[in-house]
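S.K.: Please see the structure below; I have some questions.
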Amino acid sequence: MYYYLYISYMSLTERDARSGSQLFNRIPVLRAERSLSRQDLAKALDISYQTVGYLERGEFNPSLELAFRISEFFGLPIEAIFSRAAFKPMSTEVYAHRRAVAEGEQR
């Protein structure tokens with residue numbers, strides 16, 4: 001039975017990857033910034049720590065309800081946590097923002 005579940009799971013993951021329905025997320029970064037373990041986050045969200053791992057690795061897309069709970073927990077809009085396209089590195093986004101602010105101040 002476990003073999004069947006594994007094959008079914010892998011088939012779903014491969015299908016998601018081919019169809020482009022995978023969601024990218026910043027959960028590992030947000031969790032690290034707050035010094036939270038997977039178990040800490042899981043307990044706060046009332047899910048298993050394994051689910052947190054699946055989410056972080058992109059092996060599981062959250063339900064809309066879970067995405068809202070994650071958003072509320074971190075105090076960020078959903079689009080800051082999840083994206084259909086890969087996120088740029090945080091350093092790139094931060095420095096681009098600082099550069100834009102500095103250029104705006106110089107005008």
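Quick note on naming: the chains in the structure tokens go A, B, ... in the order shown, residues restart at 1 in each chain, and ligands are numbered from 1 in order of appearance.
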List every residue of chain A that DSSP, applied to the backbone, labels as strand (DSSP E), and write the result as a PyMOL selection string.
M.R.: chain A and resi 24-25+82-83
S.K.: Store the residues picked out above in a file with N, CA and C atoms, as a CSV table (one decimal), in the first residue's frame.
M.R.:
chain,number,residue,atom,x,y,z
A,24,PHE,N,5.6,28.6,-5.6
A,24,PHE,CA,6.8,28.9,-4.9
A,24,PHE,C,6.5,29.6,-3.7
A,25,ASN,N,7.3,29.5,-2.7
A,25,ASN,CA,7.0,30.2,-1.4
A,25,ASN,C,8.3,30.6,-0.7
A,82,PHE,N,3.6,33.5,-1.4
A,82,PHE,CA,3.4,32.6,-2.4
A,82,PHE,C,3.4,33.2,-3.8
A,83,SER,N,3.9,32.5,-4.8
A,83,SER,CA,4.0,33.0,-6.1
A,83,SER,C,4.0,31.9,-7.1
S.K.: With a distance cut-off of 9 Å and only C-alpha atoms, select the neighbouring residues of Arg57 in chain A, excluding the residue or stretch itself and same-chain residues fewer than 2 positions from it, and output the selection as a list in words.
M.R.: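 Returned residues: Phe24, Asn25, Pro28, Val52, Gly53, Tyr54, Leu55, Glu59 and Phe60 of chain A.
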S.K.: Write the residues you've just listed into a file as an mmCIF file, in the first residue's frame, and include N, CA and C atoms for each of them.
M.R.:
data_model
loop_
_atom_site.group_PDB
_atom_site.id
_atom_site.type_symbol
_atom_site.label_atom_id
_atom_site.label_comp_id
_atom_site.auth_asym_id
_atom_site.auth_seq_id
_atom_site.Cartn_x
_atom_site.Cartn_y
_atom_site.Cartn_z
ATOM 1 N N PHE A 24 5.586 28.611 -5.622
ATOM 2 C CA PHE A 24 6.843 28.874 -4.947
ATOM 3 C C PHE A 24 6.510 29.644 -3.678
ATOM 4 N N ASN A 25 7.336 29.509 -2.661
ATOM 5 C CA ASN A 25 7.030 30.204 -1.422
ATOM 6 C C ASN A 25 8.289 30.638 -0.694
ATOM 7 N N PRO A 28 10.469 29.031 4.150
ATOM 8 C CA PRO A 28 11.726 28.776 4.875
ATOM 9 C C PRO A 28 12.423 30.061 5.325
ATOM 10 N N VAL A 52 4.653 21.166 6.823
ATOM 11 C CA VAL A 52 5.500 22.351 6.676
ATOM 12 C C VAL A 52 6.669 22.034 5.739
ATOM 13 N N GLY A 53 7.287 20.883 5.927
ATOM 14 C CA GLY A 53 8.387 20.468 5.049
ATOM 15 C C GLY A 53 7.945 20.330 3.607
ATOM 16 N N TYR A 54 6.796 19.708 3.390
ATOM 17 C CA TYR A 54 6.277 19.559 2.014
ATOM 18 C C TYR A 54 6.015 20.929 1.385
ATOM 19 N N LEU A 55 5.453 21.849 2.167
ATOM 20 C CA LEU A 55 5.194 23.197 1.669
ATOM 21 C C LEU A 55 6.498 23.891 1.298
ATOM 22 N N GLU A 59 6.489 20.625 -2.589
ATOM 23 C CA GLU A 59 5.903 19.322 -2.910
ATOM 24 C C GLU A 59 4.410 19.275 -2.613
ATOM 25 N N PHE A 60 3.883 20.338 -2.030
ATOM 26 C CA PHE A 60 2.478 20.386 -1.642
ATOM 27 C C PHE A 60 2.028 21.832 -1.758
#
S.K.: Could you go through chain A and tell me which residues DSSP, when run on the backbone, assigns to alpha helix (DSSP H), listing them as JSON, numbers by chain?
M.R.: {"A": [2, 3, 4, 5, 6, 7, 8, 9, 10, 11, 12, 13, 14, 15, 16, 17, 18, 19, 27, 28, 29, 30, 31, 32, 33, 38, 39, 40, 41, 42, 43, 44, 45, 49, 50, 51, 52, 53, 54, 55, 56, 57, 64, 65, 66, 67, 68, 69, 70, 71, 72, 73, 74, 78, 79, 80, 81, 90, 91, 92, 93, 94, 95, 96, 97, 98, 99, 100, 101, 102, 103, 104, 105, 106]}
S.K.: Nearest residue to Glu65 in chain A out of A:Gln39, A:Leu45, A:Glu79, A:Thr51, using only C-alpha atoms?
M.R.: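 Smallest distance to Glu65 in chain A is found for A:Leu45.
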